[in-house]
>>> print(open('structure01.txt').read())   # compact mmCIF, N, CA and C atoms
# COMPACT_ATOMS: atom_id res chain seq x y z
N MET S 596 22.16 14.03 24.01
CA MET S 596 21.51 13.70 25.26
C MET S 596 20.92 14.96 25.90
N ARG S 597 21.71 16.04 25.89
CA ARG S 597 21.22 17.29 26.47
C ARG S 597 19.98 17.78 25.74
N LEU S 598 20.00 17.61 24.41
CA LEU S 598 18.85 18.05 23.61
C LEU S 598 17.60 17.30 24.03
N CYS S 599 17.70 15.99 24.21
CA CYS S 599 16.53 15.20 24.62
C CYS S 599 16.02 15.64 25.99
N ILE S 600 16.94 15.88 26.91
CA ILE S 600 16.53 16.33 28.25
C ILE S 600 15.82 17.68 28.15
N CYS S 601 16.39 18.59 27.36
CA CYS S 601 15.75 19.90 27.18
C CYS S 601 14.37 19.77 26.57
N LEU S 602 14.25 18.89 25.57
CA LEU S 602 12.94 18.70 24.93
C LEU S 602 11.92 18.15 25.93
N VAL S 603 12.35 17.21 26.75
CA VAL S 603 11.43 16.64 27.74
C VAL S 603 11.00 17.71 28.74
N LEU S 604 11.96 18.49 29.24
CA LEU S 604 11.61 19.52 30.22
C LEU S 604 10.71 20.60 29.62
N LEU S 605 11.03 21.04 28.40
CA LEU S 605 10.18 22.04 27.75
C LEU S 605 8.79 21.48 27.46
N SER S 606 8.74 20.24 27.06
CA SER S 606 7.45 19.62 26.78
C SER S 606 6.62 19.53 28.05
N LEU S 607 7.25 19.16 29.15
CA LEU S 607 6.52 19.08 30.41
C LEU S 607 6.01 20.45 30.84
N ALA S 608 6.82 21.47 30.64
CA ALA S 608 6.39 22.83 31.00
C ALA S 608 5.19 23.26 30.16
N LEU S 609 5.23 22.94 28.87
CA LEU S 609 4.12 23.32 27.99
C LEU S 609 2.84 22.57 28.35
N CYS S 610 3.01 21.38 28.87
CA CYS S 610 1.85 20.53 29.13
C CYS S 610 1.35 20.62 30.56
N ALA S 611 1.92 21.48 31.38
CA ALA S 611 1.57 21.54 32.80
C ALA S 611 0.07 21.77 33.01
N SER S 612 -0.54 22.56 32.16
CA SER S 612 -1.95 22.86 32.35
C SER S 612 -2.86 21.93 31.55
N ALA S 613 -2.27 21.06 30.75
CA ALA S 613 -3.07 20.16 29.90
C ALA S 613 -3.43 18.90 30.66
N ASP S 614 -4.35 18.19 30.13
CA ASP S 614 -4.73 16.89 30.67
C ASP S 614 -3.50 15.99 30.68
N ILE S 615 -3.36 15.18 31.70
CA ILE S 615 -2.17 14.33 31.87
C ILE S 615 -1.97 13.40 30.66
N LEU S 616 -3.00 12.79 30.18
CA LEU S 616 -2.85 11.87 29.04
C LEU S 616 -2.45 12.62 27.77
N ASP S 617 -3.09 13.77 27.54
CA ASP S 617 -2.72 14.57 26.37
C ASP S 617 -1.30 15.08 26.50
N GLY S 618 -0.94 15.52 27.69
CA GLY S 618 0.42 16.00 27.92
C GLY S 618 1.45 14.91 27.74
N GLY S 619 1.12 13.72 28.24
CA GLY S 619 2.03 12.58 28.06
C GLY S 619 2.21 12.22 26.61
N ARG S 620 1.12 12.30 25.85
CA ARG S 620 1.19 11.99 24.42
C ARG S 620 2.05 13.03 23.69
N PHE S 621 1.88 14.29 24.06
CA PHE S 621 2.68 15.37 23.45
C PHE S 621 4.17 15.12 23.70
N VAL S 622 4.52 14.80 24.94
CA VAL S 622 5.92 14.54 25.29
C VAL S 622 6.44 13.34 24.51
N TRP S 623 5.65 12.28 24.46
CA TRP S 623 6.05 11.07 23.73
C TRP S 623 6.28 11.39 22.25
N ASP S 624 5.37 12.15 21.65
CA ASP S 624 5.51 12.54 20.25
C ASP S 624 6.74 13.42 20.05
N ALA S 625 7.00 14.33 20.99
CA ALA S 625 8.16 15.21 20.89
C ALA S 625 9.45 14.40 20.95
N MET S 626 9.51 13.44 21.83
CA MET S 626 10.71 12.60 21.92
C MET S 626 10.89 11.78 20.64
N GLY S 627 9.81 11.25 20.12
CA GLY S 627 9.89 10.52 18.86
C GLY S 627 10.29 11.42 17.71
N GLY S 628 9.77 12.64 17.70
CA GLY S 628 10.12 13.61 16.67
C GLY S 628 11.60 13.97 16.73
N ALA S 629 12.13 14.12 17.95
CA ALA S 629 13.56 14.40 18.10
C ALA S 629 14.38 13.23 17.55
N TRP S 630 13.92 12.02 17.79
CA TRP S 630 14.61 10.84 17.26
C TRP S 630 14.55 10.84 15.73
N ASP S 631 13.40 11.18 15.15
CA ASP S 631 13.29 11.25 13.69
C ASP S 631 14.26 12.26 13.10
N MET S 632 14.39 13.40 13.77
CA MET S 632 15.31 14.43 13.29
C MET S 632 16.75 13.94 13.38
N PHE S 633 17.09 13.27 14.47
CA PHE S 633 18.43 12.72 14.61
C PHE S 633 18.71 11.66 13.54
N ARG S 634 17.72 10.81 13.29
CA ARG S 634 17.89 9.74 12.30
C ARG S 634 18.14 10.34 10.91
N ALA S 635 17.41 11.40 10.56
CA ALA S 635 17.62 12.05 9.26
C ALA S 635 19.02 12.66 9.19
N TYR S 636 19.46 13.27 10.28
CA TYR S 636 20.80 13.85 10.31
C TYR S 636 21.86 12.76 10.17
N ARG S 637 21.68 11.67 10.90
CA ARG S 637 22.63 10.55 10.83
C ARG S 637 22.68 9.98 9.41
N ASP S 638 21.52 9.81 8.80
CA ASP S 638 21.48 9.30 7.42
C ASP S 638 22.15 10.26 6.45
N MET S 639 21.96 11.56 6.65
CA MET S 639 22.59 12.55 5.78
C MET S 639 24.11 12.45 5.88
N ARG S 640 24.61 12.32 7.10
CA ARG S 640 26.06 12.20 7.29
C ARG S 640 26.58 10.89 6.69
N GLU S 641 25.83 9.82 6.86
CA GLU S 641 26.24 8.52 6.32
C GLU S 641 26.22 8.53 4.80
N ALA S 642 25.18 9.10 4.21
CA ALA S 642 25.05 9.11 2.75
C ALA S 642 26.16 9.96 2.13
N ASN S 643 26.47 11.10 2.76
CA ASN S 643 27.50 11.99 2.24
C ASN S 643 27.34 12.19 0.73
N PHE S 644 26.11 12.52 0.34
CA PHE S 644 25.74 12.60 -1.07
C PHE S 644 25.53 14.06 -1.46
N LYS S 645 26.14 14.46 -2.53
CA LYS S 645 26.08 15.85 -2.98
C LYS S 645 24.62 16.29 -3.23
N ASN S 646 24.29 17.49 -2.77
CA ASN S 646 22.98 18.12 -2.96
C ASN S 646 21.82 17.37 -2.30
N SER S 647 22.10 16.61 -1.24
CA SER S 647 21.02 15.87 -0.57
C SER S 647 20.54 16.56 0.71
N ASP S 648 21.17 17.65 1.09
CA ASP S 648 20.87 18.34 2.34
C ASP S 648 19.38 18.66 2.48
N LYS S 649 18.79 19.26 1.47
CA LYS S 649 17.38 19.67 1.55
C LYS S 649 16.45 18.46 1.69
N TYR S 650 16.80 17.36 1.02
CA TYR S 650 15.99 16.15 1.13
C TYR S 650 15.94 15.67 2.58
N PHE S 651 17.09 15.61 3.22
CA PHE S 651 17.13 15.12 4.60
C PHE S 651 16.46 16.10 5.56
N HIS S 652 16.54 17.39 5.28
CA HIS S 652 15.79 18.37 6.08
C HIS S 652 14.30 18.08 5.97
N ALA S 653 13.81 17.94 4.76
CA ALA S 653 12.38 17.70 4.54
C ALA S 653 11.97 16.36 5.15
N ARG S 654 12.78 15.33 4.98
CA ARG S 654 12.43 14.00 5.49
C ARG S 654 12.36 13.97 7.01
N GLY S 655 13.33 14.58 7.68
CA GLY S 655 13.31 14.60 9.14
C GLY S 655 12.09 15.32 9.68
N ASN S 656 11.76 16.47 9.10
CA ASN S 656 10.59 17.23 9.52
C ASN S 656 9.30 16.48 9.21
N TYR S 657 9.24 15.84 8.06
CA TYR S 657 8.05 15.07 7.65
C TYR S 657 7.80 13.92 8.63
N ASP S 658 8.85 13.14 8.90
CA ASP S 658 8.70 12.00 9.81
C ASP S 658 8.30 12.45 11.21
N ALA S 659 8.92 13.52 11.69
CA ALA S 659 8.61 14.02 13.04
C ALA S 659 7.18 14.53 13.12
N ALA S 660 6.76 15.31 12.14
CA ALA S 660 5.42 15.90 12.17
C ALA S 660 4.32 14.86 12.06
N ARG S 661 4.60 13.74 11.41
CA ARG S 661 3.59 12.68 11.30
C ARG S 661 3.25 12.07 12.65
N ARG S 662 4.07 12.27 13.64
CA ARG S 662 3.81 11.73 14.98
C ARG S 662 2.72 12.51 15.70
N GLY S 663 2.48 13.75 15.29
CA GLY S 663 1.46 14.56 15.94
C GLY S 663 2.02 15.90 16.36
N PRO S 664 1.25 16.67 17.14
CA PRO S 664 1.67 18.02 17.53
C PRO S 664 3.02 18.06 18.25
N GLY S 665 3.29 17.10 19.09
CA GLY S 665 4.57 17.07 19.79
C GLY S 665 5.74 16.88 18.83
N GLY S 666 5.57 16.00 17.86
CA GLY S 666 6.61 15.77 16.87
C GLY S 666 6.84 16.99 16.00
N ALA S 667 5.75 17.65 15.60
CA ALA S 667 5.88 18.87 14.79
C ALA S 667 6.57 19.96 15.58
N TRP S 668 6.23 20.07 16.87
CA TRP S 668 6.87 21.06 17.73
C TRP S 668 8.37 20.78 17.83
N ALA S 669 8.75 19.53 18.07
CA ALA S 669 10.16 19.17 18.18
C ALA S 669 10.89 19.47 16.88
N ALA S 670 10.27 19.15 15.74
CA ALA S 670 10.89 19.41 14.45
C ALA S 670 11.13 20.91 14.26
N ARG S 671 10.15 21.73 14.63
CA ARG S 671 10.29 23.18 14.49
C ARG S 671 11.41 23.72 15.38
N VAL S 672 11.42 23.29 16.64
CA VAL S 672 12.43 23.77 17.59
C VAL S 672 13.83 23.35 17.13
N ILE S 673 14.00 22.10 16.75
CA ILE S 673 15.32 21.61 16.33
C ILE S 673 15.76 22.29 15.04
N SER S 674 14.85 22.40 14.08
CA SER S 674 15.20 23.03 12.80
C SER S 674 15.60 24.49 12.98
N ASP S 675 14.81 25.22 13.76
CA ASP S 675 15.12 26.63 13.98
C ASP S 675 16.43 26.80 14.73
N ALA S 676 16.66 25.97 15.74
CA ALA S 676 17.90 26.06 16.51
C ALA S 676 19.10 25.75 15.62
N ARG S 677 18.96 24.73 14.81
CA ARG S 677 20.07 24.35 13.93
C ARG S 677 20.37 25.46 12.92
N GLU S 678 19.34 26.01 12.32
CA GLU S 678 19.56 27.05 11.32
C GLU S 678 20.11 28.33 11.95
N ASN S 679 19.65 28.66 13.15
CA ASN S 679 20.18 29.85 13.83
C ASN S 679 21.66 29.65 14.17
N TRP S 680 22.01 28.46 14.64
CA TRP S 680 23.40 28.16 14.96
C TRP S 680 24.24 28.10 13.69
N GLN S 681 23.75 27.40 12.70
CA GLN S 681 24.49 27.22 11.44
C GLN S 681 24.70 28.55 10.73
N GLY S 682 23.72 29.42 10.79
CA GLY S 682 23.82 30.71 10.11
C GLY S 682 25.03 31.51 10.55
N GLY S 683 25.41 31.38 11.80
CA GLY S 683 26.55 32.12 12.30
C GLY S 683 27.87 31.39 12.17
N VAL S 684 27.83 30.08 11.92
CA VAL S 684 29.04 29.27 11.93
C VAL S 684 29.48 28.82 10.54
N SER S 685 28.55 28.39 9.72
CA SER S 685 28.91 27.71 8.48
C SER S 685 29.42 28.64 7.39
N GLY S 686 28.97 29.87 7.40
CA GLY S 686 29.36 30.79 6.35
C GLY S 686 28.63 30.56 5.04
N ARG S 687 27.57 29.74 5.06
CA ARG S 687 26.82 29.46 3.83
C ARG S 687 25.88 30.59 3.45
N GLY S 688 25.53 31.40 4.40
CA GLY S 688 24.74 32.57 4.09
C GLY S 688 23.25 32.41 4.26
N ALA S 689 22.58 33.55 4.11
CA ALA S 689 21.14 33.63 4.33
C ALA S 689 20.35 32.84 3.28
N GLU S 690 20.84 32.78 2.08
CA GLU S 690 20.11 32.05 1.02
C GLU S 690 20.03 30.56 1.33
N ASP S 691 21.14 29.98 1.81
CA ASP S 691 21.13 28.57 2.16
C ASP S 691 20.21 28.32 3.35
N THR S 692 20.25 29.21 4.32
CA THR S 692 19.36 29.08 5.49
C THR S 692 17.90 29.16 5.06
N ARG S 693 17.58 30.11 4.17
CA ARG S 693 16.21 30.24 3.68
C ARG S 693 15.77 28.97 2.96
N ALA S 694 16.63 28.41 2.12
CA ALA S 694 16.29 27.18 1.39
C ALA S 694 16.12 26.00 2.34
N ASP S 695 16.97 25.92 3.38
CA ASP S 695 16.82 24.86 4.37
C ASP S 695 15.49 24.99 5.10
N GLN S 696 15.14 26.21 5.49
CA GLN S 696 13.88 26.43 6.21
C GLN S 696 12.67 26.14 5.32
N GLU S 697 12.80 26.40 4.04
CA GLU S 697 11.72 26.06 3.10
C GLU S 697 11.52 24.55 3.06
N ALA S 698 12.62 23.80 2.99
CA ALA S 698 12.53 22.33 2.99
C ALA S 698 11.98 21.83 4.33
N ASN S 699 12.40 22.45 5.43
CA ASN S 699 11.89 22.08 6.75
C ASN S 699 10.37 22.25 6.81
N ALA S 700 9.90 23.41 6.39
CA ALA S 700 8.46 23.70 6.43
C ALA S 700 7.69 22.77 5.49
N TRP S 701 8.25 22.50 4.31
CA TRP S 701 7.60 21.60 3.36
C TRP S 701 7.34 20.24 4.01
N GLY S 702 8.36 19.67 4.61
CA GLY S 702 8.22 18.36 5.26
C GLY S 702 7.29 18.42 6.45
N ARG S 703 7.42 19.44 7.27
CA ARG S 703 6.60 19.57 8.48
C ARG S 703 5.13 19.72 8.15
N ASN S 704 4.83 20.33 7.00
CA ASN S 704 3.44 20.53 6.58
C ASN S 704 2.89 19.36 5.76
N GLY S 705 3.61 18.25 5.73
CA GLY S 705 3.10 17.04 5.07
C GLY S 705 3.49 16.90 3.62
N GLY S 706 4.36 17.79 3.11
CA GLY S 706 4.80 17.67 1.72
C GLY S 706 5.74 16.49 1.54
N ASP S 707 5.70 15.87 0.38
CA ASP S 707 6.53 14.71 0.08
C ASP S 707 8.01 15.12 0.05
N PRO S 708 8.84 14.55 0.93
CA PRO S 708 10.27 14.89 0.95
C PRO S 708 10.98 14.58 -0.37
N ASN S 709 10.44 13.66 -1.16
CA ASN S 709 11.08 13.29 -2.41
C ASN S 709 11.14 14.45 -3.40
N ARG S 710 10.41 15.51 -3.13
CA ARG S 710 10.51 16.73 -3.95
C ARG S 710 11.96 17.22 -3.97
N TYR S 711 12.68 17.01 -2.89
CA TYR S 711 14.05 17.47 -2.75
C TYR S 711 15.08 16.36 -2.94
N ARG S 712 14.64 15.18 -3.27
CA ARG S 712 15.55 14.04 -3.42
C ARG S 712 16.43 14.22 -4.66
N PRO S 713 17.75 14.17 -4.48
CA PRO S 713 18.63 14.34 -5.65
C PRO S 713 18.70 13.03 -6.46
N PRO S 714 18.85 13.13 -7.75
CA PRO S 714 18.97 11.93 -8.58
C PRO S 714 20.20 11.13 -8.16
N GLY S 715 20.02 9.83 -8.07
CA GLY S 715 21.13 8.95 -7.73
C GLY S 715 21.31 8.64 -6.27
N LEU S 716 20.54 9.31 -5.40
CA LEU S 716 20.64 9.01 -3.96
C LEU S 716 20.18 7.56 -3.76
N PRO S 717 20.98 6.74 -3.08
CA PRO S 717 20.61 5.34 -2.89
C PRO S 717 19.22 5.19 -2.27
N SER S 718 18.50 4.16 -2.70
CA SER S 718 17.13 3.93 -2.24
C SER S 718 17.05 3.63 -0.76
N LYS S 719 18.17 3.29 -0.14
CA LYS S 719 18.23 3.05 1.31
C LYS S 719 17.71 4.25 2.08
N TYR S 720 17.85 5.44 1.49
CA TYR S 720 17.47 6.67 2.16
C TYR S 720 16.14 7.17 1.62
>>> encode(input="structure01.txt", output="structure tokens")
Amino acid sequence: MRLCICLVLLSLALCASADILDGGRFVWDAMGGAWDMFRAYRDMREANFKNSDKYFHARGNYDAARRGPGGAWAARVISDARENWQGGVSGRGAEDTRADQEANAWGRNGGDPNRYRPPGLPSKY
């Protein structure tokens, strides 16, 4: 909930000088992008499938970025925040963070998330 509030406030600040309709669309896209990122995270936790992390990173960023500039912005902010936080907590190291960021960028730039899909992952995802 706090994340959504922060995204809305940051989006409004970024859009203060923009046209109201464009600014509203950016905020709407950012909120939708945040939801896409949450949905990918939720699906990753539900699937609990070995080696699927990068797929869900790419999918969340892909879905969010397809919404437009606001969605791409939300995906970048959430991905960077998560990787910065995870880098200090998880102990997985810089290589895992680099690979996650590569998958994030791939999806955000319109690359097919299935590039990272592990064999055997249920089609539900």
>>> residues_near_point(input="structure01.txt", point="(14.8, 21.0, 9.7)", cutoff="8 Å", atoms="all atoms listed in the file", output="number ranges by chain")
S: 632, 651-657, 670-675, 677-678, 695-696, 698-700, 703
>>> residues_around(input="structure01.txt", residues="region 641-646 of chain S", least_positions_apart="3", cutoff="9 Å", atoms="only C-alpha atoms", output="mmCIF file with N, CA and C atoms, in the coordinates of the input")
data_model
loop_
_atom_site.group_PDB
_atom_site.id
_atom_site.type_symbol
_atom_site.label_atom_id
_atom_site.label_comp_id
_atom_site.auth_asym_id
_atom_site.auth_seq_id
_atom_site.Cartn_x
_atom_site.Cartn_y
_atom_site.Cartn_z
ATOM 1 N N TYR S 636 19.460 13.270 10.280
ATOM 2 C CA TYR S 636 20.800 13.850 10.310
ATOM 3 C C TYR S 636 21.860 12.760 10.170
ATOM 4 N N ARG S 637 21.680 11.670 10.900
ATOM 5 C CA ARG S 637 22.630 10.550 10.830
ATOM 6 C C ARG S 637 22.680 9.980 9.410
ATOM 7 N N ASP S 638 21.520 9.810 8.800
ATOM 8 C CA ASP S 638 21.480 9.300 7.420
ATOM 9 C C ASP S 638 22.150 10.260 6.450
ATOM 10 N N LYS S 649 18.790 19.260 1.470
ATOM 11 C CA LYS S 649 17.380 19.670 1.550
ATOM 12 C C LYS S 649 16.450 18.460 1.690
ATOM 13 N N TYR S 650 16.800 17.360 1.020
ATOM 14 C CA TYR S 650 15.990 16.150 1.130
ATOM 15 C C TYR S 650 15.940 15.670 2.580
ATOM 16 N N TYR S 711 12.680 17.010 -2.890
ATOM 17 C CA TYR S 711 14.050 17.470 -2.750
ATOM 18 C C TYR S 711 15.080 16.360 -2.940
ATOM 19 N N ARG S 712 14.640 15.180 -3.270
ATOM 20 C CA ARG S 712 15.550 14.040 -3.420
ATOM 21 C C ARG S 712 16.430 14.220 -4.660
ATOM 22 N N PRO S 713 17.750 14.170 -4.480
ATOM 23 C CA PRO S 713 18.630 14.340 -5.650
ATOM 24 C C PRO S 713 18.700 13.030 -6.460
ATOM 25 N N GLY S 715 20.020 9.830 -8.070
ATOM 26 C CA GLY S 715 21.130 8.950 -7.730
ATOM 27 C C GLY S 715 21.310 8.640 -6.270
ATOM 28 N N LEU S 716 20.540 9.310 -5.400
ATOM 29 C CA LEU S 716 20.640 9.010 -3.960
ATOM 30 C C LEU S 716 20.180 7.560 -3.760
ATOM 31 N N PRO S 717 20.980 6.740 -3.080
ATOM 32 C CA PRO S 717 20.610 5.340 -2.890
ATOM 33 C C PRO S 717 19.220 5.190 -2.270
ATOM 34 N N TYR S 720 17.850 5.440 1.490
ATOM 35 C CA TYR S 720 17.470 6.670 2.160
ATOM 36 C C TYR S 720 16.140 7.170 1.620
#
>>> residues_around(input="structure01.txt", residues="Trp668 (chain S)", least_positions_apart="4", cutoff="8 Å", atoms="only N, CA and C atoms", output="PyMOL selection string")
chain S and resi 624-625+628-629+659-660+663-664+672-674
>>> atom_distance(input="structure01.txt", atom1="CA of Met639 (chain S)", atom2="CA of Trp680 (chain S)")
18.1 Å
>>> atom_distance(input="structure01.txt", atom1="atom N of Gln681 (chain S)", atom2="atom N of Asp658 (chain S)")
21.0 Å
>>> closest_residue(input="structure01.txt", among="S:Asn679, S:Asp648, S:Gly627, S:Arg687", to="Arg662 (chain S)", atoms="only N, CA and C atoms")
S:Gly627
>>> closest_residue(input="structure01.txt", among="S:Ser647, S:Asp691, S:Gly665, S:Asn709", to="Gly618 (chain S)", atoms="only C-alpha atoms")
S:Gly665
>>> decode(input="structure01.txt", residues="region 613-642 of chain S", atoms="N, CA and C atoms", output="PDB file, in the first residue's frame")
ATOM      1  N   ALA S 613       3.200  19.079 -16.606  1.00  0.00           N
ATOM      2  CA  ALA S 613       2.659  18.500 -17.842  1.00  0.00           C
ATOM      3  C   ALA S 613       1.176  18.821 -17.969  1.00  0.00           C
ATOM      4  N   ASP S 614       0.682  18.619 -19.127  1.00  0.00           N
ATOM      5  CA  ASP S 614      -0.747  18.762 -19.378  1.00  0.00           C
ATOM      6  C   ASP S 614      -1.511  17.812 -18.455  1.00  0.00           C
ATOM      7  N   ILE S 615      -2.645  18.246 -17.953  1.00  0.00           N
ATOM      8  CA  ILE S 615      -3.417  17.461 -16.982  1.00  0.00           C
ATOM      9  C   ILE S 615      -3.787  16.085 -17.543  1.00  0.00           C
ATOM     10  N   LEU S 616      -4.229  16.006 -18.760  1.00  0.00           N
ATOM     11  CA  LEU S 616      -4.615  14.709 -19.327  1.00  0.00           C
ATOM     12  C   LEU S 616      -3.416  13.785 -19.491  1.00  0.00           C
ATOM     13  N   ASP S 617      -2.309  14.349 -19.975  1.00  0.00           N
ATOM     14  CA  ASP S 617      -1.097  13.544 -20.115  1.00  0.00           C
ATOM     15  C   ASP S 617      -0.589  13.097 -18.753  1.00  0.00           C
ATOM     16  N   GLY S 618      -0.627  14.000 -17.797  1.00  0.00           N
ATOM     17  CA  GLY S 618      -0.189  13.669 -16.441  1.00  0.00           C
ATOM     18  C   GLY S 618      -1.067  12.608 -15.814  1.00  0.00           C
ATOM     19  N   GLY S 619      -2.368  12.727 -16.028  1.00  0.00           N
ATOM     20  CA  GLY S 619      -3.292  11.718 -15.508  1.00  0.00           C
ATOM     21  C   GLY S 619      -3.047  10.361 -16.124  1.00  0.00           C
ATOM     22  N   ARG S 620      -2.748  10.353 -17.417  1.00  0.00           N
ATOM     23  CA  ARG S 620      -2.468   9.087 -18.104  1.00  0.00           C
ATOM     24  C   ARG S 620      -1.177   8.459 -17.574  1.00  0.00           C
ATOM     25  N   PHE S 621      -0.173   9.292 -17.341  1.00  0.00           N
ATOM     26  CA  PHE S 621       1.097   8.801 -16.793  1.00  0.00           C
ATOM     27  C   PHE S 621       0.865   8.145 -15.434  1.00  0.00           C
ATOM     28  N   VAL S 622       0.113   8.816 -14.570  1.00  0.00           N
ATOM     29  CA  VAL S 622      -0.181   8.280 -13.237  1.00  0.00           C
ATOM     30  C   VAL S 622      -0.951   6.970 -13.351  1.00  0.00           C
ATOM     31  N   TRP S 623      -1.951   6.950 -14.213  1.00  0.00           N
ATOM     32  CA  TRP S 623      -2.754   5.740 -14.412  1.00  0.00           C
ATOM     33  C   TRP S 623      -1.872   4.580 -14.895  1.00  0.00           C
ATOM     34  N   ASP S 624      -1.002   4.857 -15.854  1.00  0.00           N
ATOM     35  CA  ASP S 624      -0.086   3.832 -16.361  1.00  0.00           C
ATOM     36  C   ASP S 624       0.876   3.365 -15.271  1.00  0.00           C
ATOM     37  N   ALA S 625       1.361   4.301 -14.452  1.00  0.00           N
ATOM     38  CA  ALA S 625       2.282   3.945 -13.371  1.00  0.00           C
ATOM     39  C   ALA S 625       1.593   3.044 -12.353  1.00  0.00           C
ATOM     40  N   MET S 626       0.367   3.349 -12.016  1.00  0.00           N
ATOM     41  CA  MET S 626      -0.367   2.506 -11.076  1.00  0.00           C
ATOM     42  C   MET S 626      -0.608   1.118 -11.669  1.00  0.00           C
ATOM     43  N   GLY S 627      -0.961   1.070 -12.931  1.00  0.00           N
ATOM     44  CA  GLY S 627      -1.141  -0.220 -13.593  1.00  0.00           C
ATOM     45  C   GLY S 627       0.161  -0.993 -13.678  1.00  0.00           C
ATOM     46  N   GLY S 628       1.254  -0.285 -13.944  1.00  0.00           N
ATOM     47  CA  GLY S 628       2.562  -0.925 -13.998  1.00  0.00           C
ATOM     48  C   GLY S 628       2.964  -1.497 -12.651  1.00  0.00           C
ATOM     49  N   ALA S 629       2.658  -0.766 -11.575  1.00  0.00           N
ATOM     50  CA  ALA S 629       2.944  -1.275 -10.233  1.00  0.00           C
ATOM     51  C   ALA S 629       2.134  -2.543  -9.973  1.00  0.00           C
ATOM     52  N   TRP S 630       0.899  -2.555 -10.433  1.00  0.00           N
ATOM     53  CA  TRP S 630       0.065  -3.755 -10.282  1.00  0.00           C
ATOM     54  C   TRP S 630       0.652  -4.920 -11.081  1.00  0.00           C
ATOM     55  N   ASP S 631       1.122  -4.660 -12.295  1.00  0.00           N
ATOM     56  CA  ASP S 631       1.743  -5.715 -13.102  1.00  0.00           C
ATOM     57  C   ASP S 631       2.960  -6.302 -12.406  1.00  0.00           C
ATOM     58  N   MET S 632       3.753  -5.440 -11.793  1.00  0.00           N
ATOM     59  CA  MET S 632       4.943  -5.906 -11.081  1.00  0.00           C
ATOM     60  C   MET S 632       4.541  -6.751  -9.873  1.00  0.00           C
ATOM     61  N   PHE S 633       3.524  -6.316  -9.154  1.00  0.00           N
ATOM     62  CA  PHE S 633       3.043  -7.086  -8.012  1.00  0.00           C
ATOM     63  C   PHE S 633       2.508  -8.444  -8.461  1.00  0.00           C
ATOM     64  N   ARG S 634       1.757  -8.447  -9.556  1.00  0.00           N
ATOM     65  CA  ARG S 634       1.174  -9.696 -10.060  1.00  0.00           C
ATOM     66  C   ARG S 634       2.277 -10.691 -10.444  1.00  0.00           C
ATOM     67  N   ALA S 635       3.345 -10.206 -11.080  1.00  0.00           N
ATOM     68  CA  ALA S 635       4.456 -11.090 -11.439  1.00  0.00           C
ATOM     69  C   ALA S 635       5.135 -11.636 -10.182  1.00  0.00           C
ATOM     70  N   TYR S 636       5.300 -10.792  -9.176  1.00  0.00           N
ATOM     71  CA  TYR S 636       5.902 -11.239  -7.916  1.00  0.00           C
ATOM     72  C   TYR S 636       5.017 -12.288  -7.242  1.00  0.00           C
ATOM     73  N   ARG S 637       3.717 -12.021  -7.203  1.00  0.00           N
ATOM     74  CA  ARG S 637       2.776 -12.964  -6.596  1.00  0.00           C
ATOM     75  C   ARG S 637       2.802 -14.303  -7.328  1.00  0.00           C
ATOM     76  N   ASP S 638       2.819 -14.255  -8.653  1.00  0.00           N
ATOM     77  CA  ASP S 638       2.873 -15.490  -9.440  1.00  0.00           C
ATOM     78  C   ASP S 638       4.175 -16.246  -9.202  1.00  0.00           C
ATOM     79  N   MET S 639       5.280 -15.520  -9.066  1.00  0.00           N
ATOM     80  CA  MET S 639       6.568 -16.161  -8.809  1.00  0.00           C
ATOM     81  C   MET S 639       6.528 -16.896  -7.466  1.00  0.00           C
ATOM     82  N   ARG S 640       5.965 -16.245  -6.459  1.00  0.00           N
ATOM     83  CA  ARG S 640       5.866 -16.875  -5.140  1.00  0.00           C
ATOM     84  C   ARG S 640       4.933 -18.087  -5.183  1.00  0.00           C
ATOM     85  N   GLU S 641       3.837 -17.957  -5.905  1.00  0.00           N
ATOM     86  CA  GLU S 641       2.873 -19.056  -6.013  1.00  0.00           C
ATOM     87  C   GLU S 641       3.470 -20.234  -6.773  1.00  0.00           C
ATOM     88  N   ALA S 642       4.158 -19.954  -7.869  1.00  0.00           N
ATOM     89  CA  ALA S 642       4.729 -21.023  -8.694  1.00  0.00           C
ATOM     90  C   ALA S 642       5.819 -21.768  -7.926  1.00  0.00           C
TER      91      ALA S 642
END
